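**Q** What follows is protein05.pdb, PDB, C-alpha atoms.
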```pdb
ATOM      1  CA  SER A   1     -97.168-174.008  84.954
ATOM      2  CA  GLN A   2     -94.128-174.268  82.717
ATOM      3  CA  GLN A   3     -95.697-176.995  80.555
ATOM      4  CA  ASP A   4     -99.035-175.225  79.917
ATOM      5  CA  SER A   5     -97.982-174.261  76.413
ATOM      6  CA  LEU A   6     -97.444-177.945  75.619
ATOM      7  CA  TYR A   7    -100.649-179.234  77.178
ATOM      8  CA  PHE A   8    -103.146-176.497  76.501
ATOM      9  CA  LEU A   9    -102.196-174.697  73.287
ATOM     10  CA  ARG A  10    -103.244-175.933  69.878
ATOM     11  CA  SER A  11    -100.022-176.779  68.108
ATOM     12  CA  THR A  12     -98.287-179.682  66.502
ATOM     13  CA  ARG A  13     -95.560-179.845  69.144
ATOM     14  CA  GLN A  14     -95.116-183.238  70.738
ATOM     15  CA  ILE A  15     -94.044-184.006  74.287
ATOM     16  CA  GLY A  16     -92.479-187.302  73.339
ATOM     17  CA  ILE A  17     -95.324-189.570  74.420
ATOM     18  CA  ASN A  18     -96.757-191.579  71.581
ATOM     19  CA  CYS A  19    -100.521-191.463  71.796
ATOM     20  CA  ASP A  20    -102.567-192.839  68.905
ATOM     21  CA  MET A  21    -105.551-190.518  68.552
ATOM     22  CA  SER A  22    -106.636-191.733  65.118
ATOM     23  CA  HIS A  23    -109.822-193.312  66.533
ATOM     24  CA  TYR A  24    -110.926-190.185  68.435
ATOM     25  CA  ILE A  25    -112.931-187.360  66.942
ATOM     26  CA  VAL A  26    -110.926-184.220  67.597
ATOM     27  CA  ASP A  27    -112.188-180.711  66.962
ATOM     28  CA  PRO A  28    -109.148-178.576  66.120
ATOM     29  CA  GLU A  29    -111.046-175.433  67.139
ATOM     30  CA  PHE A  30    -111.661-176.832  70.622
ATOM     31  CA  SER A  31    -109.246-179.654  71.422
ATOM     32  CA  THR A  32    -105.537-179.727  71.985
ATOM     33  CA  SER A  33    -103.321-182.628  71.057
ATOM     34  CA  TYR A  34    -103.163-183.808  74.672
ATOM     35  CA  ASP A  35    -106.809-183.526  75.813
ATOM     36  CA  ASN A  36    -107.297-187.274  75.561
ATOM     37  CA  LEU A  37    -104.056-188.023  77.380
ATOM     38  CA  MET A  38    -105.009-185.653  80.189
ATOM     39  CA  ALA A  39    -108.475-187.212  80.368
ATOM     40  CA  HIS A  40    -106.851-190.633  80.885
ATOM     41  CA  PHE A  41    -104.734-189.262  83.733
ATOM     42  CA  VAL A  42    -107.772-187.681  85.401
ATOM     43  CA  ALA A  43    -109.836-190.858  84.952
ATOM     44  CA  ALA A  44    -107.047-192.971  86.449
ATOM     45  CA  GLU A  45    -106.838-190.650  89.450
ATOM     46  CA  LEU A  46    -110.611-190.784  90.013
ATOM     47  CA  GLN A  47    -110.578-194.564  89.724
ATOM     48  CA  ASN A  48    -107.680-194.733  92.180
ATOM     49  CA  ARG A  49    -109.641-192.635  94.710
ATOM     50  CA  HIS A  50    -112.711-194.841  94.265
ATOM     51  CA  TYR A  51    -110.723-198.018  94.919
ATOM     52  CA  LYS A  52    -109.064-196.445  97.963
ATOM     53  CA  LYS A  53    -112.520-195.637  99.390
ATOM     54  CA  LEU A  54    -113.706-199.185  98.746
ATOM     55  CA  LEU A  55    -110.600-200.615 100.372
ATOM     56  CA  PHE A  56    -111.079-198.330 103.374
ATOM     57  CA  ARG A  57    -114.703-199.436 103.725
ATOM     58  CA  LEU A  58    -113.740-203.095 103.535
ATOM     59  CA  THR A  59    -110.816-202.892 105.941
ATOM     60  CA  ASN A  60    -112.663-200.697 108.441
ATOM     61  CA  LYS A  61    -115.926-202.629 108.188
ATOM     62  CA  GLU A  62    -117.777-199.402 107.370
ATOM     63  CA  SER A  63    -121.480-200.105 107.373
ATOM     64  CA  ASP A  64    -123.356-200.668 104.153
ATOM     65  CA  PRO A  65    -127.147-200.207 104.533
ATOM     66  CA  ILE A  66    -128.049-203.033 102.147
ATOM     67  CA  ALA A  67    -125.542-205.464 103.646
ATOM     68  CA  ASP A  68    -126.684-204.441 107.141
ATOM     69  CA  LEU A  69    -130.301-205.196 106.244
ATOM     70  CA  ILE A  70    -129.444-208.589 104.801
ATOM     71  CA  LEU A  71    -126.927-209.660 107.438
ATOM     72  CA  ASN A  72    -128.568-208.124 110.504
ATOM     73  CA  LYS A  73    -130.121-210.826 112.664
ATOM     74  CA  ASN A  74    -132.214-208.222 114.510
ATOM     75  CA  ARG A  75    -134.647-207.801 111.581
ATOM     76  CA  SER A  76    -138.201-208.506 112.520
ATOM     77  CA  TRP A  77    -141.637-208.509 110.970
ATOM     78  CA  SER A  78    -143.711-206.059 112.998
ATOM     79  CA  GLY A  79    -147.021-206.760 111.269
ATOM     80  CA  SER A  80    -149.232-209.727 111.968
ATOM     81  CA  LYS A  81    -148.408-213.212 110.726
ATOM     82  CA  THR A  82    -151.590-213.085 108.662
ATOM     83  CA  ASP A  83    -150.341-209.909 106.955
ATOM     84  CA  LEU A  84    -147.082-211.642 106.075
ATOM     85  CA  VAL A  85    -148.914-214.682 104.692
ATOM     86  CA  GLU A  86    -151.077-212.372 102.560
ATOM     87  CA  LEU A  87    -147.942-210.684 101.210
ATOM     88  CA  ILE A  88    -146.227-214.020 100.539
ATOM     89  CA  TYR A  89    -149.200-215.349  98.596
ATOM     90  CA  ALA A  90    -149.478-212.078  96.652
ATOM     91  CA  LEU A  91    -145.812-212.318  95.634
ATOM     92  CA  HIS A  92    -146.246-215.945  94.673
ATOM     93  CA  SER A  93    -149.483-215.362  92.749
ATOM     94  CA  SER A  94    -148.045-212.432  90.821
ATOM     95  CA  GLY A  95    -145.129-214.536  89.561
ATOM     96  CA  VAL A  96    -142.542-211.869  90.359
ATOM     97  CA  LEU A  97    -140.119-214.222  92.119
ATOM     98  CA  ASN A  98    -137.841-216.383  89.955
ATOM     99  CA  ASN A  99    -140.010-215.752  86.898
ATOM    100  CA  GLY A 100    -142.991-217.355  88.621
ATOM    101  CA  GLU A 101    -141.045-220.533  89.401
ATOM    102  CA  ALA A 102    -140.612-219.950  93.159
ATOM    103  CA  GLU A 103    -142.436-222.498  95.273
ATOM    104  CA  ILE A 104    -144.741-221.126  97.958
ATOM    105  CA  SER A 105    -143.011-223.309 100.584
ATOM    106  CA  LYS A 106    -139.616-221.804  99.694
ATOM    107  CA  ILE A 107    -140.993-218.252  99.881
ATOM    108  CA  ILE A 108    -142.452-219.056 103.303
ATOM    109  CA  GLN A 109    -139.133-220.510 104.507
ATOM    110  CA  PHE A 110    -137.207-217.490 103.225
ATOM    111  CA  SER A 111    -139.662-215.052 104.856
ATOM    112  CA  GLU A 112    -139.454-216.857 108.188
ATOM    113  CA  LYS A 113    -135.671-216.768 108.105
ATOM    114  CA  PHE A 114    -135.394-213.201 106.802
ATOM    115  CA  PHE A 115    -137.877-211.697 109.278
ATOM    116  CA  ASN A 116    -137.002-213.963 112.230
ATOM    117  CA  ILE A 117    -140.567-215.144 112.642
ATOM    118  CA  LYS A 118    -142.264-218.519 112.806
ATOM    119  CA  ILE A 119    -145.362-218.246 110.625
ATOM    120  CA  GLY A 120    -146.884-221.579 111.561
ATOM    121  CA  ASN A 121    -149.433-223.115 109.217
ATOM    122  CA  ALA A 122    -149.413-220.634 106.347
ATOM    123  CA  TYR A 123    -151.760-222.798 104.272
ATOM    124  CA  LYS A 124    -154.438-222.670 106.976
ATOM    125  CA  THR A 125    -153.890-218.918 107.377
ATOM    126  CA  PHE A 126    -154.317-218.457 103.625
ATOM    127  CA  ALA A 127    -157.536-220.466 103.730
ATOM    128  CA  GLU A 128    -158.791-218.073 106.430
ATOM    129  CA  ILE A 129    -157.812-215.083 104.280
ATOM    130  CA  LYS A 130    -159.728-216.559 101.317
ATOM    131  CA  ALA A 131    -162.751-217.092 103.556
ATOM    132  CA  ARG A 132    -163.014-213.403 104.492
ATOM    133  CA  GLU A 133    -166.364-212.031 103.409
ATOM    134  CA  LYS A 134    -165.037-208.532 102.788
ATOM    135  CA  ASP A 135    -161.568-207.004 102.591
ATOM    136  CA  ARG A 136    -160.021-210.246 101.374
ATOM    137  CA  THR A 137    -156.774-208.358 100.621
ATOM    138  CA  LYS A 138    -156.861-206.171 103.712
ATOM    139  CA  PHE A 139    -153.079-205.914 104.165
ATOM    140  CA  LEU A 140    -152.350-205.299 100.477
ATOM    141  CA  ASP A 141    -155.035-202.589 100.453
ATOM    142  CA  THR A 142    -153.339-200.997 103.477
ATOM    143  CA  LEU A 143    -149.988-201.090 101.676
ATOM    144  CA  LYS A 144    -151.521-199.468  98.611
ATOM    145  CA  ARG A 145    -153.136-196.689 100.667
ATOM    146  CA  ALA A 146    -149.878-196.043 102.534
ATOM    147  CA  LEU A 147    -147.898-195.808  99.280
ATOM    148  CA  LEU A 148    -150.440-193.468  97.666
ATOM    149  CA  THR A 149    -150.384-191.256 100.769
ATOM    150  CA  LYS A 150    -146.565-191.140 100.631
ATOM    151  CA  MET A 151    -146.667-190.177  96.945
ATOM    152  CA  ASP A 152    -149.241-187.444  97.593
ATOM    153  CA  THR A 153    -147.191-186.092 100.493
ATOM    154  CA  ASP A 154    -143.981-186.097  98.446
ATOM    155  CA  GLU A 155    -145.717-184.285  95.585
ATOM    156  CA  ALA A 156    -147.130-181.677  97.971
ATOM    157  CA  ILE A 157    -143.645-181.075  99.387
ATOM    158  CA  THR A 158    -142.154-180.820  95.895
ATOM    159  CA  ARG A 159    -144.786-178.286  94.804
ATOM    160  CA  SER A 160    -144.231-176.017  97.812
TER     161      SER A 160
END
```
Translate this file's structure into structure tokens.

**A**
Amino acid sequence: SQQDSLYFLRSTRQIGINCDMSHYIVDPEFSTSYDNLMAHFVAAELQNRHYKKLLFRLTNKESDPIADLILNKNRSWSGSKTDLVELIYALHSSGVLNNGEAEISKIIQFSEKFFNIKIGNAYKTFAEIKAREKDRTKFLDTLKRALLTKMDTDEAITRS
């Protein structure tokens, strides 16, 4: 364009825009006097596009997978209630919720609401889980096996 010599050539010519570059490290062998100014224009344009996309998503109610999962009332627990109780007690026992401060009753209430399921007497169910003679953590063991299988499969796909 007609202004290329101003924007892209290394010279001391000024366009008339005061731009303090004293706090930037400028390599005179590589940079021009307006690299930083141009970078600000490009950044502003990219930010403008990003905000336009966000506004479009909000005004057009474009789906968001995380929001859909949280807000969707059609979520359901498809395992057994005993499996869910085992998971709840594992989360509680590990102290990973609210720095170990989450009450078991609150975790149960949340799980019932989140998964649209009525667990019933979770304390009795946990007592039955503890009374198992073998495979006391049957569901957690199943989860572990499933995750390891997924990892092995993904690695096999990556290698091939």

**Q** Can you list, as a list in words, every protein, DNA or RNA residue that comes within 8 Å of segment 77-85 of chain A when you count only C-alpha atoms, leaving out same-chain residues fewer than 6 positions away?

**A**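 Everything that qualifies: Ile108, Phe115, Asn116, Ile117, Ile119, Ala122, Thr125, Phe126, Ile129 and Phe139 of chain A.
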
**Q** Export C-alpha atoms of the chosen residues as an mmCIF file, in the coordinates of the input?

**A**
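And here is the file that came out, result29.cif:
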```cif
data_model
loop_
_atom_site.group_PDB
_atom_site.id
_atom_site.type_symbol
_atom_site.label_atom_id
_atom_site.label_comp_id
_atom_site.auth_asym_id
_atom_site.auth_seq_id
_atom_site.Cartn_x
_atom_site.Cartn_y
_atom_site.Cartn_z
ATOM 1 C CA ILE A 108 -142.452 -219.056 103.303
ATOM 2 C CA PHE A 115 -137.877 -211.697 109.278
ATOM 3 C CA ASN A 116 -137.002 -213.963 112.230
ATOM 4 C CA ILE A 117 -140.567 -215.144 112.642
ATOM 5 C CA ILE A 119 -145.362 -218.246 110.625
ATOM 6 C CA ALA A 122 -149.413 -220.634 106.347
ATOM 7 C CA THR A 125 -153.890 -218.918 107.377
ATOM 8 C CA PHE A 126 -154.317 -218.457 103.625
ATOM 9 C CA ILE A 129 -157.812 -215.083 104.280
ATOM 10 C CA PHE A 139 -153.079 -205.914 104.165
#
```

**Q** Using atom CA of Ser76 of chain A and atom CA of Leu140 of chain A as the two end points, give the distance in Å to one decimal.

**A** 18.9 Å

**Q** Have a look at atom CA of Lys113 of chain A and atom CA of Leu97 of chain A and let me know their distance in Å, one decimal.

**A** 16.8 Å

**Q** Hey, can you check how far atom CA of Glu112 of chain A sits from atom CA of Ser94 of chain A?

**A**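 Atom CA of Ser94 of chain A lies 19.9 Å from atom CA of Glu112 of chain A.
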
**Q** Of the candidates A:Ala43, A:Val96, A:Ser105, A:Leu87, which one gets nearest to Leu143 of chain A if we count all atoms listed in the file?

**A**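 Selected residue with least distance to Leu143 of chain A: A:Leu87.
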
**Q** Select, from A:Tyr89, A:Met151, A:Arg57, A:Asn74, the residue with the minimum atom-to-atom distance to Glu103 of chain A, counting only C-alpha atoms.

**A**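 Of all the options, A:Tyr89 lies closest to Glu103 of chain A.
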